[in-house]
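Before any comments, here is the structure.
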Amino acid sequence: MTFTASQIAAMINGHIEGNPDVAVANFGKIEEAREGQLSFLANPKYEEYLYETRASIIIVNEALELKKTVTATLVRVKDAYSAFATLLGKYQEIMQQQLKGIQEPSYISKTARYGADVFIGAFAYLGENVRIGNHVKIHPNTYIGDNVAIGDHTIIHAGVKIMHSCIIGNQVTIHAGTVIGSDGFGFAPQADGSFAKVPQIGNVVIEDQVEIGANATIDRATIGSTIIRSGAKLDNLIQIAHNVEIGSSTVVAAQAGISGSTKVGRGVMIGGQVGIVGHLHIGDGAKINAQSGVSKNIEPGKAVTGSPAYDYTSALRSQALSRRLPDLEKRMKELEEELCRLKKEG
């Protein structure tokens with residue numbers, strides 16, 4: 001599939017400098033791109049490659065002032081990085097739209113229903129009373145359990161498991177290997193020291209425009225729903241426990257774990273390898289630094305770091321002071337020795 005500079009400029013509201021008819025078939029990094037490839041320049045550190053690259057088309061910022069002659073056709077936009085991201089999204093959308101039909105072998109229950117222009121890959125399984133919307137793409141080796149509902153324009157990548165009764169919204173993307181709706185970790189201690197399993201009879205609800213990375217796990221609720229609100233973005237290898245609620249437009253980086261019944265607000269940023277204990281409330285707009293351990297509620301807009309996590313600015317000051325402790329100790333010993341000497345002389 002090829003695109004001309006004119007077509008690309010129309011997609012991203014850009015202005016062309018050069019040949020509007022030059023065409024590209026794929027993408028390349030500006031320092032490595034070849035003829036027939038599209039690249040972009042957003043970081044000034046890479047500007048030197050603009051004058052050396054063999055890319056046919058380059059997306060650049062409107063404000064960029066050229067220092068040398070450029071052989072490639074330029075498409076100028078307000079924000080090259082955002083425009084390139086938009087273009088990649090449109091390209092991916094076009095590629096997904098080409099996937100249609102039902103591959104064999106696959107199993108689709110007689111009671112399952114699906115909309116127009118769906119794609120169901122080989123070895124997929126659709127259980128009883130499954131409801132799938134229009135333009136949904138279900139890639140190979142996917143399991144869709146009984147009574148699952150999936151909205152329009154959702155993409156389920158290879159090997160995803162969506163367990164019974166879970167609800168997936170519109171324009172959701174779930175990447176390979178993720179499990180939605182496995183049992184929450186609920187066990188009741190017994191008098192003899194053993195643990196009795198607490199049945200997990202709830203479900204998982206994922207609202208519209210959510211993206212979930214590869215090999216993430218989102219547990220079903222004990223009662224009620226584990227909920228991922230609209231626009232949330234979850235990275236790879238994340239654990240979301242039973243009855244957790246993730247607010248809209250919240251982002252969570254890889255290897256984070258959120259324990260049961262914790263409520264995370266809107267627009268929260270959670271770094272990689274963060275651990276959050278159960279039954280907490282994380283306020284809207286809070287920021288949690290990577291590798292932090294959260295054991296208390298966090299106020300809206302608060303930034304925290306460390307384990308246990310506390311105020312970000314105070315934590316940085318503490319770290320700076322701790323690095324100075326050896327010098328302070330040495331200075332204290334010198335002062336003590338000086339005092340001892342003065343006493344002897346006095």
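Chain lettering (A, B, ...) mirrors the order of the structure tokens, residue numbering begins at 1 for each chain separately, and ligand numbering begins at 1 in order of display.
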DSSP helix (DSSP H, G or I) selection over segment 24-88 of chain A, as a PDB file with C-alpha atoms, in the first residue's frame:
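Result file is part.pdb:
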ATOM      1  CA  PRO A  44      16.264  18.780  17.315  1.00  0.00           C
ATOM      2  CA  LYS A  45      19.021  16.313  18.296  1.00  0.00           C
ATOM      3  CA  TYR A  46      18.288  14.401  15.099  1.00  0.00           C
ATOM      4  CA  GLU A  47      18.274  17.382  12.745  1.00  0.00           C
ATOM      5  CA  GLU A  48      21.641  16.433  11.227  1.00  0.00           C
ATOM      6  CA  TYR A  49      20.008  13.333   9.713  1.00  0.00           C
ATOM      7  CA  LEU A  50      17.478  15.513   7.888  1.00  0.00           C
ATOM      8  CA  ALA A  80       5.517  16.620  13.836  1.00  0.00           C
ATOM      9  CA  TYR A  81       5.406  13.995  16.587  1.00  0.00           C
ATOM     10  CA  SER A  82       1.627  14.184  17.053  1.00  0.00           C
ATOM     11  CA  ALA A  83       1.068  14.249  13.297  1.00  0.00           C
ATOM     12  CA  PHE A  84       3.242  11.165  12.810  1.00  0.00           C
ATOM     13  CA  ALA A  85       1.347   9.367  15.585  1.00  0.00           C
ATOM     14  CA  THR A  86      -1.943  10.277  13.895  1.00  0.00           C
ATOM     15  CA  LEU A  87      -0.655   8.958  10.593  1.00  0.00           C
ATOM     16  CA  LEU A  88       0.479   5.675  12.147  1.00  0.00           C
TER      17      LEU A  88
END
Just the residues within 8 Å of Val75 of chain A, please, counting only C-alpha atoms, with nothing from its chain fewer than 5 positions along; format it as number ranges by chain. A: 5, 9, 14-17, 57-60
Please, which residues of segment 131-236 of chain A, numbered as in this document, come out strand (DSSP E) from DSSP, as a tab-separated table (two decimals) with N, CA, C and O atoms, in the first residue's frame?
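The new file part-v5.tsv reads:
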chain	number	residue	atom	x	y	z
A	131	ARG	N	-22.01	-11.68	22.23
A	131	ARG	CA	-22.52	-10.61	21.39
A	131	ARG	C	-21.34	-9.73	20.95
A	131	ARG	O	-20.66	-9.15	21.78
A	132	ILE	N	-21.14	-9.66	19.63
A	132	ILE	CA	-20.01	-8.91	19.07
A	132	ILE	C	-20.54	-7.87	18.11
A	132	ILE	O	-21.37	-8.17	17.25
A	137	LYS	N	-12.38	-6.99	15.26
A	137	LYS	CA	-11.32	-7.87	14.77
A	137	LYS	C	-10.87	-8.78	15.90
A	137	LYS	O	-10.33	-8.30	16.90
A	138	ILE	N	-11.11	-10.07	15.73
A	138	ILE	CA	-10.70	-11.06	16.73
A	138	ILE	C	-9.64	-11.94	16.10
A	138	ILE	O	-9.92	-12.72	15.18
A	143	TYR	N	-9.97	-16.68	22.98
A	143	TYR	CA	-11.09	-17.34	23.67
A	143	TYR	C	-12.06	-16.27	24.16
A	143	TYR	O	-11.67	-15.36	24.91
A	144	ILE	N	-13.32	-16.36	23.73
A	144	ILE	CA	-14.38	-15.46	24.18
A	144	ILE	C	-15.42	-16.32	24.90
A	144	ILE	O	-16.12	-17.12	24.29
A	149	ALA	N	-19.92	-9.61	25.97
A	149	ALA	CA	-20.38	-8.61	25.01
A	149	ALA	C	-19.20	-7.73	24.60
A	149	ALA	O	-18.44	-7.27	25.45
A	150	ILE	N	-19.03	-7.51	23.30
A	150	ILE	CA	-17.94	-6.71	22.76
A	150	ILE	C	-18.52	-5.66	21.82
A	150	ILE	O	-19.28	-5.99	20.92
A	155	ILE	N	-10.57	-4.28	18.81
A	155	ILE	CA	-9.55	-5.20	18.29
A	155	ILE	C	-9.06	-6.10	19.42
A	155	ILE	O	-8.56	-5.61	20.44
A	156	ILE	N	-9.21	-7.40	19.23
A	156	ILE	CA	-8.74	-8.39	20.20
A	156	ILE	C	-7.59	-9.15	19.56
A	156	ILE	O	-7.80	-9.89	18.60
A	161	LYS	N	-7.70	-13.99	26.25
A	161	LYS	CA	-8.76	-14.78	26.88
A	161	LYS	C	-9.72	-13.82	27.59
A	161	LYS	O	-9.31	-13.09	28.50
A	162	ILE	N	-10.97	-13.81	27.18
A	162	ILE	CA	-12.00	-13.01	27.84
A	162	ILE	C	-13.01	-13.97	28.43
A	162	ILE	O	-13.75	-14.65	27.71
A	167	ILE	N	-17.72	-7.52	29.89
A	167	ILE	CA	-18.26	-6.56	28.94
A	167	ILE	C	-17.13	-5.68	28.43
A	167	ILE	O	-16.42	-5.05	29.23
A	168	ILE	N	-16.97	-5.63	27.12
A	168	ILE	CA	-15.91	-4.84	26.48
A	168	ILE	C	-16.58	-3.78	25.61
A	168	ILE	O	-17.47	-4.09	24.82
A	173	THR	N	-8.77	-1.78	22.44
A	173	THR	CA	-7.71	-2.63	21.90
A	173	THR	C	-7.12	-3.44	23.05
A	173	THR	O	-6.71	-2.88	24.07
A	174	ILE	N	-7.08	-4.76	22.88
A	174	ILE	CA	-6.50	-5.66	23.88
A	174	ILE	C	-5.40	-6.46	23.20
A	174	ILE	O	-5.66	-7.20	22.24
A	179	VAL	N	-5.42	-11.62	29.78
A	179	VAL	CA	-6.53	-12.39	30.32
A	179	VAL	C	-7.47	-11.42	31.05
A	179	VAL	O	-7.07	-10.74	31.99
A	180	ILE	N	-8.71	-11.39	30.61
A	180	ILE	CA	-9.74	-10.54	31.21
A	180	ILE	C	-10.76	-11.43	31.92
A	180	ILE	O	-11.36	-12.29	31.28
A	181	GLY	N	-10.93	-11.21	33.22
A	181	GLY	CA	-11.99	-11.93	33.93
A	181	GLY	C	-11.59	-13.24	34.56
A	181	GLY	O	-12.46	-14.07	34.87
A	182	SER	N	-10.30	-13.45	34.80
A	182	SER	CA	-9.90	-14.61	35.60
A	182	SER	C	-10.34	-14.38	37.05
A	182	SER	O	-10.66	-13.26	37.44
A	187	PHE	N	-9.58	-15.74	49.28
A	187	PHE	CA	-9.53	-16.95	50.10
A	187	PHE	C	-9.79	-16.59	51.55
A	187	PHE	O	-9.22	-15.62	52.07
A	188	ALA	N	-10.64	-17.35	52.21
A	188	ALA	CA	-11.00	-17.08	53.61
A	188	ALA	C	-10.19	-17.98	54.54
A	188	ALA	O	-10.23	-19.21	54.39
A	189	PRO	N	-9.45	-17.42	55.52
A	189	PRO	CA	-8.69	-18.24	56.47
A	189	PRO	C	-9.63	-19.11	57.31
A	189	PRO	O	-10.68	-18.65	57.77
A	195	PHE	N	-7.09	-22.40	53.79
A	195	PHE	CA	-7.81	-21.30	53.17
A	195	PHE	C	-8.92	-21.85	52.27
A	195	PHE	O	-8.66	-22.73	51.44
A	196	ALA	N	-10.12	-21.33	52.45
A	196	ALA	CA	-11.25	-21.73	51.62
A	196	ALA	C	-11.47	-20.69	50.52
A	196	ALA	O	-11.51	-19.49	50.80
A	197	LYS	N	-11.62	-21.14	49.31
A	197	LYS	CA	-11.81	-20.22	48.19
A	197	LYS	C	-13.15	-19.51	48.30
A	197	LYS	O	-14.18	-20.12	48.57
A	203	ASN	N	-17.84	-9.69	37.42
A	203	ASN	CA	-17.29	-9.67	36.07
A	203	ASN	C	-16.29	-8.53	35.93
A	203	ASN	O	-15.91	-7.88	36.91
A	204	VAL	N	-15.84	-8.28	34.70
A	204	VAL	CA	-14.99	-7.13	34.37
A	204	VAL	C	-15.73	-6.30	33.33
A	204	VAL	O	-16.27	-6.84	32.35
A	205	VAL	N	-15.75	-5.00	33.53
A	205	VAL	CA	-16.32	-4.06	32.56
A	205	VAL	C	-15.21	-3.14	32.05
A	205	VAL	O	-14.56	-2.46	32.85
A	206	ILE	N	-14.99	-3.15	30.76
A	206	ILE	CA	-13.99	-2.27	30.13
A	206	ILE	C	-14.74	-1.31	29.24
A	206	ILE	O	-15.39	-1.72	28.27
A	211	GLU	N	-7.08	0.95	26.02
A	211	GLU	CA	-6.07	0.09	25.41
A	211	GLU	C	-5.34	-0.66	26.52
A	211	GLU	O	-4.91	-0.07	27.51
A	212	ILE	N	-5.22	-1.98	26.34
A	212	ILE	CA	-4.59	-2.85	27.33
A	212	ILE	C	-3.44	-3.58	26.65
A	212	ILE	O	-3.63	-4.20	25.60
A	217	THR	N	-3.30	-8.91	33.23
A	217	THR	CA	-4.36	-9.73	33.83
A	217	THR	C	-5.29	-8.82	34.62
A	217	THR	O	-4.84	-8.03	35.46
A	218	ILE	N	-6.57	-8.92	34.34
A	218	ILE	CA	-7.58	-8.13	35.04
A	218	ILE	C	-8.59	-9.11	35.62
A	218	ILE	O	-9.33	-9.79	34.90
A	219	ASP	N	-8.61	-9.19	36.96
A	219	ASP	CA	-9.44	-10.18	37.65
A	219	ASP	C	-10.90	-9.75	37.73
A	219	ASP	O	-11.20	-8.56	37.90
A	225	SER	N	-18.44	-5.52	39.79
A	225	SER	CA	-17.56	-5.45	38.61
A	225	SER	C	-16.21	-4.84	38.94
A	225	SER	O	-16.13	-3.89	39.73
A	226	THR	N	-15.17	-5.39	38.34
A	226	THR	CA	-13.90	-4.69	38.19
A	226	THR	C	-14.07	-3.79	36.97
A	226	THR	O	-14.50	-4.25	35.91
A	227	ILE	N	-13.72	-2.49	37.09
A	227	ILE	CA	-14.07	-1.54	36.04
A	227	ILE	C	-12.84	-0.77	35.56
A	227	ILE	O	-12.09	-0.22	36.36
A	228	ILE	N	-12.65	-0.74	34.25
A	228	ILE	CA	-11.65	0.11	33.60
A	228	ILE	C	-12.41	1.17	32.82
A	228	ILE	O	-13.07	0.87	31.83
A	233	LYS	N	-5.33	3.73	29.69
A	233	LYS	CA	-4.31	3.03	28.91
A	233	LYS	C	-3.44	2.23	29.86
A	233	LYS	O	-2.80	2.78	30.77
A	234	LEU	N	-3.43	0.92	29.67
A	234	LEU	CA	-2.66	0.01	30.53
A	234	LEU	C	-1.54	-0.62	29.71
A	234	LEU	O	-1.76	-1.11	28.60
Contacts of segment 109-112 of chain A at 8 Å (only C-alpha atoms; same-chain gap of 6+ positions) as a list in words: Leu126, Gly127, Glu128, Asn129, Val130 and Arg131 of chain A
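With atom CA of Gly36 of chain A on one side and atom CA of Ser6 of chain A on the other, the separation reads 14.7 Å.
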